[in-house]
Each structure stands twice: as structure tokens, then as C-alpha cells.
file work02.cif (mmCIF, C-alpha atoms and all ligand atoms)
data_protein
#
loop_
_atom_site.label_atom_id
_atom_site.label_comp_id
_atom_site.auth_asym_id
_atom_site.auth_seq_id
_atom_site.Cartn_x
_atom_site.Cartn_y
_atom_site.Cartn_z
CA MET N 1 -5.50 -10.20 10.85
CA SER N 2 -5.51 -11.31 14.42
CA PRO N 3 -3.34 -14.04 15.90
CA GLY N 4 -6.22 -15.13 18.12
CA THR N 5 -7.24 -17.96 15.82
CA THR N 6 -4.32 -20.24 16.65
CA ALA N 7 -4.66 -23.12 19.05
CA ALA N 8 -1.98 -21.49 21.18
CA THR N 9 -4.18 -18.52 22.03
CA THR N 10 -7.57 -20.18 22.59
CA THR N 11 -8.97 -20.20 26.09
CA VAL N 12 -9.40 -23.47 28.04
CA THR N 13 -5.87 -24.66 28.71
CA SER N 14 -4.30 -21.43 27.56
CA THR N 15 -1.83 -21.05 30.44
CA ALA N 16 -0.09 -24.34 29.79
CA ILE N 17 -0.32 -24.02 26.01
CA ALA N 18 0.74 -20.38 25.91
CA SER N 19 4.12 -21.21 27.42
CA ALA N 20 4.82 -24.19 25.15
CA PRO N 21 7.50 -23.47 22.54
CA LEU N 22 6.09 -22.94 19.08
CA THR N 23 7.36 -24.45 15.87
CA ALA N 24 7.75 -22.77 12.49
CA ARG N 25 4.50 -24.42 11.40
CA ASP N 26 2.62 -22.67 14.24
CA PHE N 27 3.39 -19.32 12.60
CA LYS N 28 1.83 -20.33 9.27
CA SER N 29 -1.80 -19.27 8.77
CA ASP N 30 -4.47 -21.44 7.15
CA TYR N 31 -4.37 -19.42 3.92
CA ASN N 32 -2.58 -21.09 1.05
CA PRO N 33 -0.29 -18.73 -0.88
CA ILE N 34 -1.46 -17.86 -4.38
CA TRP N 35 2.07 -17.23 -5.63
CA CYS N 36 3.15 -18.89 -8.90
CA PRO N 37 4.66 -22.35 -8.41
CA GLY N 38 8.42 -21.91 -7.91
CA CYS N 39 8.23 -18.26 -6.73
CA GLY N 40 11.08 -17.50 -4.32
CA ASP N 41 8.65 -15.90 -1.86
CA PHE N 42 7.49 -19.35 -0.65
CA SER N 43 10.91 -19.90 0.89
CA VAL N 44 10.97 -16.43 2.40
CA LEU N 45 7.63 -17.18 4.05
CA PHE N 46 9.17 -20.31 5.54
CA ALA N 47 12.20 -18.27 6.64
CA PHE N 48 9.95 -15.86 8.55
CA THR N 49 8.25 -18.72 10.42
CA ARG N 50 11.60 -20.37 11.14
CA ALA N 51 13.05 -17.13 12.51
CA PHE N 52 10.04 -16.46 14.75
CA ALA N 53 10.07 -19.99 16.17
CA SER N 54 13.84 -19.98 16.73
CA LEU N 55 13.57 -16.76 18.74
CA GLY N 56 10.76 -18.16 20.89
CA LEU N 57 8.39 -15.40 19.70
CA ARG N 58 4.64 -15.70 20.04
CA PRO N 59 2.02 -14.67 17.47
CA GLU N 60 0.45 -12.22 19.92
CA ASN N 61 3.78 -10.43 20.34
CA THR N 62 4.74 -10.30 16.67
CA ALA N 63 3.53 -8.00 13.87
CA VAL N 64 4.34 -8.24 10.16
CA ILE N 65 3.60 -5.14 8.10
CA SER N 66 3.68 -4.91 4.30
CA GLY N 67 2.84 -2.70 1.33
CA ILE N 68 1.66 -3.86 -2.12
CA GLY N 69 3.01 -6.58 -4.39
CA CYS N 70 3.23 -10.37 -4.56
CA SER N 71 5.84 -10.26 -1.76
CA SER N 72 3.60 -8.05 0.36
CA ARG N 73 1.03 -10.84 0.67
CA ILE N 74 3.15 -12.42 3.38
CA PRO N 75 1.19 -11.14 6.43
CA ALA N 76 -1.89 -13.06 5.26
CA TYR N 77 0.07 -16.30 5.24
CA LEU N 78 1.39 -15.88 8.78
CA THR N 79 -0.18 -16.36 12.18
CA SER N 80 0.80 -13.10 13.86
CA TYR N 81 -0.58 -9.58 13.86
CA GLY N 82 -0.41 -8.25 10.35
CA PHE N 83 -1.15 -5.22 8.21
CA HIS N 84 -1.28 -5.28 4.41
CA GLY N 85 -0.97 -1.58 3.78
CA VAL N 86 -0.70 0.71 0.78
CA HIS N 87 2.05 1.15 -1.79
CA GLY N 88 5.44 1.94 -0.28
CA ARG N 89 4.10 3.08 3.07
CA SER N 90 4.76 -0.03 5.16
CA LEU N 91 7.79 1.44 6.97
CA ALA N 92 5.83 4.47 8.18
CA ALA N 93 3.03 2.28 9.54
CA ALA N 94 5.54 -0.09 11.14
CA ALA N 95 7.52 2.72 12.81
CA GLY N 96 4.32 4.12 14.30
CA LEU N 97 3.33 0.70 15.57
CA LYS N 98 6.73 0.02 17.13
CA LEU N 99 6.80 3.38 18.90
CA ALA N 100 3.27 2.89 20.23
CA ARG N 101 3.84 -0.76 21.15
CA PRO N 102 7.56 -1.25 21.89
CA ASP N 103 6.77 -4.69 23.34
CA LEU N 104 5.97 -6.05 19.84
CA THR N 105 8.55 -7.53 17.48
CA VAL N 106 7.91 -5.64 14.24
CA VAL N 107 9.02 -7.02 10.87
CA VAL N 108 8.29 -5.37 7.54
CA ALA N 109 7.97 -7.28 4.24
CA SER N 110 8.33 -5.57 0.88
CA GLY N 111 9.47 -5.93 -2.73
CA ASP N 112 11.86 -3.89 -4.85
CA GLY N 113 9.05 -2.04 -6.68
CA ASP N 114 7.07 -1.28 -3.55
CA GLY N 115 10.03 -0.56 -1.28
CA TYR N 116 12.49 1.30 -3.52
CA SER N 117 10.27 3.17 -5.94
CA ILE N 118 7.17 4.58 -4.28
CA GLY N 119 8.63 3.71 -0.86
CA GLY N 120 12.16 4.96 -1.57
CA ASN N 121 11.88 8.06 0.55
CA HIS N 122 10.50 6.12 3.51
CA PHE N 123 13.37 3.64 3.16
CA MET N 124 16.08 6.28 3.59
CA HIS N 125 14.39 7.93 6.53
CA ALA N 126 13.66 4.62 8.24
CA CYS N 127 17.40 3.85 8.11
CA ARG N 128 18.20 7.31 9.48
CA ARG N 129 15.57 7.12 12.23
CA ASN N 130 16.78 3.69 13.36
CA VAL N 131 13.55 2.50 14.99
CA ASP N 132 14.02 -1.04 16.31
CA MET N 133 12.48 -3.16 13.53
CA THR N 134 13.53 -5.46 10.69
CA TYR N 135 12.94 -4.71 7.01
CA VAL N 136 12.99 -7.67 4.59
CA VAL N 137 12.83 -6.80 0.88
CA MET N 138 12.22 -9.67 -1.55
CA ASP N 139 14.17 -8.39 -4.54
CA ASN N 140 13.37 -9.97 -7.92
CA HIS N 141 14.39 -6.95 -10.02
CA VAL N 142 10.82 -6.60 -11.33
CA TYR N 143 7.27 -5.69 -10.33
CA GLY N 144 5.80 -9.20 -10.35
CA MET N 145 2.30 -8.10 -9.44
CA THR N 146 2.03 -5.61 -12.32
CA LYS N 147 3.13 -8.22 -14.84
CA GLY N 148 6.79 -7.52 -15.37
CA GLN N 149 7.12 -3.75 -15.06
CA PRO N 150 10.79 -2.73 -14.51
CA SER N 151 11.67 -1.72 -10.95
CA PRO N 152 14.51 0.41 -9.52
CA THR N 153 16.74 -2.71 -9.35
CA THR N 154 16.00 -3.92 -12.91
CA GLU N 155 19.09 -4.08 -15.09
CA PRO N 156 19.16 -1.16 -17.60
CA ASP N 157 19.31 -3.46 -20.64
CA TRP N 158 16.52 -5.85 -19.58
CA ASP N 159 14.39 -6.07 -22.72
CA SER N 160 10.71 -6.85 -22.13
CA LYS N 161 7.26 -6.07 -23.48
CA LEU N 162 6.88 -3.29 -20.92
CA SER N 163 10.42 -1.94 -21.46
CA PRO N 164 11.36 -2.59 -25.09
CA GLY N 165 15.14 -2.30 -25.46
CA GLY N 166 15.52 -1.81 -21.70
CA THR N 167 15.03 1.29 -19.56
CA GLY N 168 18.65 2.42 -19.91
CA LEU N 169 18.41 3.52 -16.27
CA ARG N 170 21.15 2.94 -13.73
CA THR N 171 20.03 0.56 -10.94
CA PHE N 172 19.36 1.65 -7.37
CA HIS N 173 21.85 0.21 -4.82
CA PRO N 174 19.73 -0.58 -1.73
CA LEU N 175 22.43 -2.01 0.55
CA VAL N 176 24.80 0.92 0.06
CA ILE N 177 21.96 3.41 0.44
CA ALA N 178 20.96 1.69 3.69
CA LEU N 179 24.53 1.97 4.99
CA ALA N 180 24.86 5.61 4.00
CA ALA N 181 21.50 6.44 5.56
CA GLY N 182 22.31 4.78 8.90
CA ALA N 183 20.81 1.27 9.03
CA ASN N 184 22.28 -0.67 11.93
CA PHE N 185 22.31 -4.11 10.27
CA VAL N 186 22.72 -4.83 6.57
CA GLY N 187 22.60 -8.29 5.00
CA ARG N 188 21.92 -10.10 1.76
CA ALA N 189 20.21 -13.51 1.65
CA PHE N 190 18.97 -15.89 -1.04
CA SER N 191 15.51 -17.46 -0.93
CA GLY N 192 16.96 -20.73 -2.26
CA ASP N 193 18.57 -21.06 1.17
CA PRO N 194 15.52 -20.77 3.46
CA LYS N 195 17.44 -21.97 6.51
CA GLY N 196 20.17 -19.36 6.04
CA THR N 197 17.56 -16.68 5.31
CA GLY N 198 15.64 -17.61 8.47
CA ASP N 199 18.81 -17.47 10.55
CA MET N 200 19.66 -14.06 9.11
CA ILE N 201 16.18 -12.72 9.85
CA ALA N 202 16.55 -13.97 13.43
CA GLU N 203 19.92 -12.18 13.75
CA ALA N 204 18.40 -9.01 12.32
CA ILE N 205 15.53 -9.12 14.82
CA LYS N 206 17.98 -9.65 17.68
CA THR N 207 20.07 -6.63 16.63
CA PRO N 208 18.66 -3.41 18.13
CA GLY N 209 17.73 -0.63 15.71
CA PHE N 210 16.78 -0.72 12.03
CA SER N 211 17.89 -3.92 10.31
CA PHE N 212 17.72 -4.33 6.56
CA ILE N 213 17.92 -7.58 4.59
CA GLU N 214 17.83 -7.83 0.81
CA VAL N 215 16.60 -11.31 -0.08
CA LEU N 216 17.26 -12.33 -3.67
CA SER N 217 13.91 -14.00 -4.40
CA PRO N 218 13.39 -15.07 -8.03
CA CYS N 219 10.24 -14.17 -9.98
CA VAL N 220 10.08 -17.33 -12.07
CA THR N 221 7.21 -16.01 -14.20
CA PHE N 222 8.56 -12.69 -15.46
CA ARG N 223 12.29 -13.32 -14.87
CA PRO N 224 12.69 -17.09 -15.48
CA GLU N 225 16.42 -16.57 -15.99
CA GLN N 226 16.63 -15.85 -12.25
CA ARG N 227 16.44 -19.60 -11.65
CA GLU N 228 20.18 -19.42 -12.38
CA TRP N 229 20.75 -17.32 -9.24
CA ARG N 230 21.17 -20.62 -7.43
CA GLN N 231 24.46 -21.13 -9.25
CA ALA N 232 25.53 -17.49 -8.86
CA VAL N 233 25.16 -16.97 -5.10
CA ARG N 234 28.06 -17.63 -2.72
CA PRO N 235 28.98 -16.75 0.87
CA ALA N 236 30.51 -13.26 1.09
CA PRO N 237 34.32 -13.54 1.11
CA VAL N 238 34.61 -11.41 4.28
CA THR N 239 33.18 -11.56 7.77
CA THR N 240 30.66 -9.07 9.15
CA THR N 241 32.17 -5.65 9.77
CA ASP N 242 31.17 -2.75 12.03
CA ASP N 243 32.83 -0.30 9.63
CA PRO N 244 30.19 1.07 7.22
CA ALA N 245 32.81 2.37 4.76
CA ARG N 246 34.41 -1.07 4.50
CA ALA N 247 31.02 -2.72 4.04
CA ALA N 248 30.07 -0.16 1.37
CA ARG N 249 33.31 -0.76 -0.55
CA LEU N 250 32.67 -4.50 -0.63
CA ILE N 251 29.05 -4.12 -1.69
CA MET N 252 29.84 -1.53 -4.38
CA SER N 253 32.47 -3.78 -5.92
CA ASP N 254 30.68 -7.13 -5.75
CA ASP N 255 28.39 -8.60 -8.39
CA GLY N 256 25.31 -8.65 -6.16
CA PHE N 257 25.55 -12.33 -5.25
CA ASN N 258 27.66 -12.29 -2.07
CA ILE N 259 25.43 -13.60 0.70
CA GLY N 260 25.84 -12.85 4.40
CA ILE N 261 25.52 -10.31 7.18
CA LEU N 262 27.65 -7.55 5.69
CA TYR N 263 27.42 -4.90 8.41
CA ARG N 264 26.34 -4.76 12.04
CA GLY N 265 26.68 -1.51 13.98
CA ASP N 266 25.91 -0.36 17.51
CA ARG N 267 23.74 2.71 16.96
CA LYS N 268 21.25 3.31 19.74
CA PRO N 269 17.69 2.72 18.47
CA TYR N 270 15.39 5.70 18.25
CA GLN N 271 13.49 6.45 21.44
CA PRO N 272 10.64 8.96 21.42
CA PRO N 273 11.22 11.94 23.75
CA MET N 274 9.82 11.51 27.28
CA GLY N 275 6.08 12.17 27.45
CA HIS N 276 5.68 11.53 23.71
CA GLY N 277 2.37 9.91 22.89
CA THR N 278 0.68 10.79 26.17
CA LYS N 279 -1.25 13.73 24.73
CA GLY N 280 -4.60 13.27 23.01
CA PRO N 281 -6.24 15.43 20.31
CA ALA N 282 -7.99 17.54 22.99
CA ASP N 283 -4.60 18.51 24.49
CA LEU N 284 -3.31 19.45 21.05
CA GLU N 285 -6.40 21.59 20.39
CA LYS N 286 -5.76 23.45 23.63
CA GLY N 287 -2.30 24.35 22.38
CA PHE N 288 -3.80 26.03 19.32
CA ALA N 289 -6.64 27.80 21.18
CA ILE N 290 -6.81 31.54 20.44
C1 LIG Z 1 5.55 3.50 -10.71
C2 LIG Z 1 4.51 2.67 -9.98
N1 LIG Z 1 4.17 3.03 -8.72
C3 LIG Z 1 3.27 2.28 -8.04
C4 LIG Z 1 2.69 1.18 -8.62
C5 LIG Z 1 1.72 0.37 -7.82
N2 LIG Z 1 2.20 -1.00 -7.54
C6 LIG Z 1 1.53 -2.04 -8.04
S1 LIG Z 1 2.28 -3.51 -7.64
C7 LIG Z 1 3.47 -2.68 -6.79
C8 LIG Z 1 4.62 -3.41 -6.15
C9 LIG Z 1 4.99 -4.66 -6.85
O1 LIG Z 1 6.34 -4.80 -7.09
P1 LIG Z 1 7.35 -5.41 -6.06
O2 LIG Z 1 7.40 -4.58 -4.84
O3 LIG Z 1 8.64 -5.56 -6.75
O4 LIG Z 1 6.70 -6.76 -5.63
P2 LIG Z 1 6.56 -8.16 -6.36
O5 LIG Z 1 5.16 -8.16 -6.90
O6 LIG Z 1 7.59 -8.30 -7.42
O7 LIG Z 1 6.75 -9.07 -5.21
C10 LIG Z 1 3.27 -1.33 -6.81
C11 LIG Z 1 4.12 -0.34 -6.10
C12 LIG Z 1 3.06 0.84 -9.92
N3 LIG Z 1 2.56 -0.22 -10.55
N4 LIG Z 1 3.97 1.61 -10.61
S1 LIG Z 2 4.53 -13.02 -10.57
FE1 LIG Z 2 6.63 -13.43 -9.90
S2 LIG Z 2 6.79 -12.51 -7.83
FE2 LIG Z 2 4.60 -12.73 -8.34
S3 LIG Z 2 4.00 -14.74 -7.49
FE3 LIG Z 2 4.55 -15.06 -9.63
S4 LIG Z 2 6.73 -15.66 -9.57
FE4 LIG Z 2 6.24 -14.68 -7.59
#
call {"tool": "encode", "arguments": {"input": "work02.cif", "output": "C-alpha cells", "more": "lines below"}}
Ligand SMILES: Cc1ncc(C[n+]2csc(CCOP(=O)(O)OP(=O)(O)O)c2C)c(N)n1
Ligand code: SF4
result
Amino acid sequence: MSPGTTAATTTVTSTAIASAPLTARDFKSDYNPIWCPGCGDFSVLFAFTRAFASLGLRPENTAVISGIGCSSRIPAYLTSYGFHGVHGRSLAAAAGLKLARPDLTVVVASGDGDGYSIGGNHFMHACRRNVDMTYVVMDNHVYGMTKGQPSPTTEPDWDSKLSPGGTGLRTFHPLVIALAAGANFVGRAFSGDPKGTGDMIAEAIKTPGFSFIEVLSPCVTFRPEQREWRQAVRPAPVTTTDDPARAARLIMSDDGFNIGILYRGDRKPYQPPMGHGTKGPADLEKGFAI
């Protein structure tokens, strides 16, 4: 969807209006979310708008890319460029966009089913490649959109209609995998704290390279017990480190409810080699001419 429908980008007095600071509300589109009442994703949507406004971004310079799932509906609810893509492929589309248009702020929205199952391979390589973008995964330990199917972060003993007796499968550990694969910023947020989540997204955007945030975002329909996450979350007992091994030790030994920016590194973001992207299909064909 195009950002051109906002008052800020219409013609007449556009010069004066275009330089006026925008509020969080300016980044919200006219579409009303169809999420279930109480879904954590409402607060994450607000956190996105808050982060964009606090950084002084503009809809025409911002792109939000997603895959499939309840969480992946976010681009439709925002006034910015957006792309609601296919299952698990949002990071590939976003990396291509950022390399072609480095002037854009690129943020990717996903869920634990979309991002860690079908998109798991893209996740690791996005961390390794370190393209300058921010990846926000709304983790509710379930596929909400497919009516409660277990995801890679679902607890092994979670008993449900679609997984009677539980899957018995060990859970995937996204934050540690991100650290091991080379992400430059790793944090955990809670949707019940939209202000804190917005501030963390802003910090992630400001940090060069690939930033990853796991947002604990309850699915109140298929995991109503997640309403209790509000009592479980707490600020992480340590400050942000630039030592990935230290961050990994903390994350491996915590109970999954420590909130904060857990790691921030200084890896140089990926830059395409000089001349990359200047050749068209005709040039490539010439290279293969017999
Ligand atoms: C194993 C598997 N691969 C792909 C799909 C297709 N699919 C439908 S919804 C969805 C993602 C929904 O889960 P999640 O990312 O956790 O988002 P939520 O709806 O919980 O926000 C995917 C990948 C599927 N249902 N099962
Ligand atoms: S099914 Fe779950 S994740 Fe999807 S909108 Fe409803 S509460 Fe949110």
C-alpha cells in the first residue's frame, strides 16, 4: 500500500506540511485491525507508530514488510510503504528492498510460526548477512491464524486439539540463534508495555545492521493463559552487553521473561559490492552469449 493517502503527502501545502513533525497517530492507516479483542498485536501496532514518530520518520521513507499470520497484518494498519508477502519470505523481500533503496527505513513484522518455521532458514541468513533493517517477531508460541497449531516456540507439553498430549518437541531458541548467527542487536519486549516496546523498536532502528526483537505478544484466543505473562515479565537483571557469549549465557539460563536490550554489537552492515545492481537483464544475457 502506498503512503500517498495521508494528509502529510497531499499536494497543495505539501512543503510546509511535509516538514511538520508527525505523531504516532499519523502512522496509523484508516483500516481497523480485525484481530481478536485483547490480542497483544494491537499494542505492537501502537509501538511501531510510536517508534516511527519518535525517530522523526516519514511514511514515504518507511517500509514495513511481513509474511503470513495474524501478526503479519501489520503493514495494512500502518501509513507507510508496506508489503504483505508470502509465508516466511519477508526477510528476503526486505533485504532486497533495503539494498535497492538504502534511503528507506525497513522494518519486518512476523510471528513465531511464519518467522521460525517456514522462515527459519531466512532468519539465520538474515542475521549472518547483517543488512541494515529491524526484525520484530510477535511471539505467542502458537500459529494464531491457523487456529492454534503448535509453532517452533510452543512448549513441548502444550496439550491442544491440534497437538493432543503435546508435540514433545524441544522449543527453538530465537534470541540465542540470532546471536550465534550474527545479529547486531538482540532484545526482548512485552506487548503489555507498548511504550517500552516502541522505545526498543526505535533503538533497534537506530542501530546499524540487522536488529532482532522478540516481542512476547499474547494470543488470547488460543493461549488464554498467556494473559498471565503480565505478571511474569520483568526487566532483565543485567545491562546491555556487547559480548555475544555473555548475552547467550543469560538468555539460555533465563525463563524467557527477562525484558530489555540484551545485546548490541558494532558489526558493519552489509554493503553490496561496488557496481552491484547497475546491470540489467540484457547485460547478464551478454555474459552468457555463446
Ligand atoms: C507447517 C506450516 N507451514 C506453513 C503454514 C502456513 N501458515 C499459515 S498461518 C502461518 C503463520 C501464522 O503463525 P504465526 O507466524 O505464529 O502468526 P500468528 O497468526 O500467531 O500471529 C503460516 C506459516 C502452516 N500453517 N503450517
Ligand atoms: S487468533 Fe490469536 S494472534 Fe490471531 S488475532 Fe486472535 S488473539 Fe491475536
call {"tool": "residues_near_ligand", "arguments": {"input": "work02.cif", "ligand": "ligand LIG 1 (chain Z)", "cutoff": "7 Å", "atoms": "all atoms listed in the file", "output": "number ranges by chain"}}
result
N: 68-72, 87-88, 110-115, 117-118, 138-146, 151, 219
call {"tool": "closest_residue", "arguments": {"input": "work02.cif", "among": "N:Gly198, N:Gly119, N:Pro33, N:Pro273", "to": "ligand LIG 2 (chain Z)", "atoms": "all atoms listed in the file"}}
result
N:Pro33
call {"tool": "residues_around", "arguments": {"input": "work02.cif", "residues": "Val136 of chain N", "least_positions_apart": "3", "cutoff": "8 Å", "atoms": "all atoms listed in the file", "output": "PDB file with C-alpha atoms, in the coordinates of the input"}}
result
ATOM      1  CA  VAL N 107       9.020  -7.020  10.870  1.00  0.00           C
ATOM      2  CA  VAL N 108       8.290  -5.370   7.540  1.00  0.00           C
ATOM      3  CA  ALA N 109       7.970  -7.280   4.240  1.00  0.00           C
ATOM      4  CA  SER N 110       8.330  -5.570   0.880  1.00  0.00           C
ATOM      5  CA  ILE N 201      16.180 -12.720   9.850  1.00  0.00           C
ATOM      6  CA  PHE N 212      17.720  -4.330   6.560  1.00  0.00           C
ATOM      7  CA  ILE N 213      17.920  -7.580   4.590  1.00  0.00           C
ATOM      8  CA  GLU N 214      17.830  -7.830   0.810  1.00  0.00           C
ATOM      9  CA  VAL N 215      16.600 -11.310  -0.080  1.00  0.00           C
TER      10      VAL N 215
END
call {"tool": "atom_distance", "arguments": {"input": "work02.cif", "atom1": "atom CA of Tyr263 of chain N", "atom2": "atom CA of Pro208 of chain N"}}
result
13.2 Å
call {"tool": "closest_residue", "arguments": {"input": "work02.cif", "among": "N:Ala94, N:Val186, N:Phe288, N:Gln231", "to": "Ile251 of chain N", "atoms": "only C-alpha atoms"}}
result
N:Val186
call {"tool": "closest_residue", "arguments": {"input": "work02.cif", "among": "N:Ala20, N:Val220, N:Leu104, N:Cys127", "to": "ligand LIG 2 (chain Z)", "atoms": "only C-alpha atoms and all ligand atoms"}}
result
N:Val220
call {"tool": "closest_residue", "arguments": {"input": "work02.cif", "among": "N:Leu216, N:Ala92, N:Val106, N:Ala202", "to": "ligand LIG 2 (chain Z)", "atoms": "only C-alpha atoms and all ligand atoms"}}
result
N:Leu216
call {"tool": "closest_residue", "arguments": {"input": "work02.cif", "among": "N:Ala236, N:Ala126, N:Cys36, N:Val86", "to": "Gly187 of chain N", "atoms": "all atoms listed in the file"}}
result
N:Ala236
call {"tool": "closest_residue", "arguments": {"input": "work02.cif", "among": "N:Ser54, N:Thr221, N:Ser80, N:Gln226", "to": "ligand LIG 2 (chain Z)", "atoms": "all atoms listed in the file"}}
result
N:Thr221
call {"tool": "atom_distance", "arguments": {"input": "work02.cif", "atom1": "atom CA of Gly260 of chain N", "atom2": "atom CA of Leu169 of chain N"}}
result
27.4 Å
